[in-house]
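One structure is given here, and the rest of the page talks about it.
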Amino acid sequence: MAMDYVVVLPTLNEREGLAKTLDELFAVGVPPGRVLVVDGGSTDGTCDVAKERGVRCVLQEGRGKADAIRTALKLVDADVVVVMDADFTYPAEHIKELLARDCDEVIGARKMLEPGSQRFVYRFGNWVLTRWFNLLFGTDLSDVLSGMYAVRRGAVADMEFSSRGFSIESEIAAHIASTGGTICEVPIKYRRRVGEKKLSVRHGLQIARDMVLLALRYNPAFLISLAAAFLAVPGLLLAAWVAYKWIFLGVKHYVWGIIAFALIAGGAAAGAVAVLTLYLKRMEIRVLRRLRRCAGAV
Ligand SMILES: Nc1nc2c(ncn2[C@@H]2O[C@H](COP(=O)(O)OP(=O)(O)OP(=O)(O)O)[C@@H](O)[C@H]2O)c(=O)[nH]1
Ligand SMILES: [Mg+2]
């Protein structure tokens with residue numbers, strides 16, 4: 001990754017965590033001019049902590065973490081944006097490892113957990129959501145929801161944000177994975193949080209729902225294939241039963257026969273749409289890759 005980077009820290013009432021995060025960033029050699037704090041309207045003087053240290057702090061547009069990242073991507077003109085929670089959970093020492101990898105997105109995958117840093121329900125939820133994401137987007141990630149990642153600005157330049165709150169990590173990964181970009185992971189340490197947690201189990205359910213909406217937008221072939229299977233499989237079973245009754249027992253089930261035919265026809269139509277969607281998606285990825293290569297060559 002290029003070394004023209006800016007570290008973006010979204011904050012909401014994160015005074016104590018931000019102070020420790022900034023001091024650690026400076027200690028590993030990140031200068032104040034390379035940090036941007038995007039605040040969600042904190043009432044505890046979070047922005048003052050940044051300003052006291054010579055770090056720019058801006059008030060985000062809209063609400064929630066997703067809008068904070070969107071605001072940052074508009075303001076920053078560096079090649080690479082490193083996003084990090086400002087709660088002192090992500091060690092700043094990993095920034096250089098993220099910047100060293102040559103991918104459109106480099107995720108800091110939380111592998112070395114400090115005891116008490118992530119409750120079982122969150123760890124399990126994280127695992128389920130990452131598997132769900134992999135299934136929907138054909139990726140092989142281990143921690144898609146990590147709050148520490150580096151993104152090439154060019155890879156998200158044409159992204160139209162639709163997520164709210166904590167779904168932003170999956171939306172960025174969905175966009176990159178579905179537009180021919182590359183995503184890598186780097187194992188990182190994860191510490192106990194300083195200050196009050198903002199994410200709840202309710203947010204986890206919202207993230208799962210948002211992933212389905214993202215899949216419909218970015219990678220609909222999988223969901224349409226699923227719909228095709230839901231129609232065709234019962235249709236085929238029903239047709240086999242109707243045929244068995246007719247051939248071996250001489251009983252004719254006209255209504256069930258028509259229903260089976262309708263299910264199979266619906267499944268076949270959905271299957272054809274899925275193949276077409278897949279074809280269009282592949283074409284889009286090829287075109288985007290070529291455009292990126294041309295843009296890189298200019
Ligand atoms: N600008 C902005 N930042 C936010 C908002 N909500 C949370 N944040 C910040 O986003 C980061 C992530 O929030 P956390 O509460 O740590 O959520 P999380 O990292 O998903 O969950 P944890 O497992 O508790 O760390 C923190 O730095 C928060 O201060 C918001 O609405 N606006
Ligand atoms: Mg956090």
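Letters A, B, ... mark the chains of the structure tokens in the order given; residue numbers begin at 1 per chain; ligand numbers begin at 1, in order shown.
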**Message:** At a cut-off of 8 Å around ligand 1, and using only C-alpha atoms and all ligand atoms, what residues come up? Please write them as a VMD selection string.
**Reply:** chain A and resid 9 to 14 17 to 18 38 to 41 59 to 60 63 to 69 84 to 87 89 117 to 118 122 145 to 147 165 to 166 193 196 to 200
Listing only residues of segment 180-231 of chain A within 10 Å of segment 279-296 of chain A, what is the closest atom pair and its distance in Å (to one decimal) for each, using only C-alpha atoms, sorted by chain and residue number ascending, as CSV?
residue,atom,partner,partner_atom,distance
A:Gly180,CA,A:Ile285,CA,5.0
A:Gly181,CA,A:Arg289,CA,7.9
A:Tyr218,CA,A:Lys281,CA,8.5
A:Asn219,CA,A:Lys281,CA,7.5
A:Pro220,CA,A:Lys281,CA,9.0
A:Ala221,CA,A:Lys281,CA,8.5
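With distances restricted to only C-alpha atoms, A:Ser225 is the closest residue to Gly266 of chain A from A:Leu129, A:Val83, A:Glu52, A:Ser225.
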If we count only C-alpha atoms and set the cut-off at 10 Å, which residues sit around His175 of chain A, ignoring sequence neighbours fewer than 3 positions away in its own chain? Please answer as a compact mmCIF listing (two decimals) with N, CA and C atoms, in the first residue's frame.
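Contents of selection-v7.txt, freshly written:
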# COMPACT_ATOMS: atom_id res chain seq x y z
N PHE A 137 -21.25 -13.25 -0.25
CA PHE A 137 -20.37 -12.54 -1.18
C PHE A 137 -19.23 -13.39 -1.73
N ALA A 155 -10.66 2.61 -4.49
CA ALA A 155 -11.52 1.41 -4.53
C ALA A 155 -12.92 1.68 -4.01
N VAL A 156 -13.10 2.79 -3.29
CA VAL A 156 -14.44 3.10 -2.76
C VAL A 156 -14.95 4.44 -3.30
N ASP A 158 -16.40 5.27 -6.08
CA ASP A 158 -17.73 5.30 -6.71
C ASP A 158 -18.79 4.59 -5.87
N MET A 159 -18.50 4.45 -4.58
CA MET A 159 -19.43 3.71 -3.71
C MET A 159 -20.61 4.60 -3.31
N GLU A 160 -21.82 4.04 -3.42
CA GLU A 160 -22.99 4.80 -2.95
C GLU A 160 -23.43 4.20 -1.64
N PHE A 161 -23.14 4.91 -0.57
CA PHE A 161 -23.40 4.35 0.76
C PHE A 161 -24.89 4.19 1.02
N SER A 170 -19.17 -3.94 6.73
CA SER A 170 -19.59 -4.94 5.74
C SER A 170 -19.91 -4.28 4.41
N GLU A 171 -20.39 -3.05 4.42
CA GLU A 171 -20.71 -2.40 3.14
C GLU A 171 -19.43 -2.12 2.33
N ILE A 172 -18.39 -1.67 3.00
CA ILE A 172 -17.13 -1.39 2.29
C ILE A 172 -16.58 -2.70 1.70
N SER A 178 -17.36 -7.12 -4.55
CA SER A 178 -18.27 -7.26 -5.69
C SER A 178 -17.89 -6.41 -6.88
N THR A 179 -16.81 -5.63 -6.76
CA THR A 179 -16.42 -4.81 -7.91
C THR A 179 -15.01 -5.16 -8.36
N GLY A 180 -14.60 -6.39 -8.05
CA GLY A 180 -13.33 -6.88 -8.56
C GLY A 180 -12.11 -6.44 -7.77
N GLY A 181 -12.32 -5.86 -6.59
CA GLY A 181 -11.19 -5.43 -5.75
C GLY A 181 -10.63 -6.58 -4.93
N LEU A 214 -27.47 -5.67 1.18
CA LEU A 214 -26.24 -5.42 0.41
C LEU A 214 -26.07 -6.48 -0.67
N ALA A 215 -26.38 -7.74 -0.30
CA ALA A 215 -26.24 -8.83 -1.27
C ALA A 215 -27.21 -8.64 -2.43
N ARG A 217 -28.17 -5.87 -3.57
CA ARG A 217 -27.67 -4.78 -4.42
C ARG A 217 -26.40 -5.17 -5.17
N TYR A 218 -25.49 -5.84 -4.45
CA TYR A 218 -24.18 -6.09 -5.04
C TYR A 218 -24.03 -7.45 -5.69
N ASN A 219 -24.70 -8.46 -5.12
CA ASN A 219 -24.46 -9.82 -5.59
C ASN A 219 -25.77 -10.61 -5.59
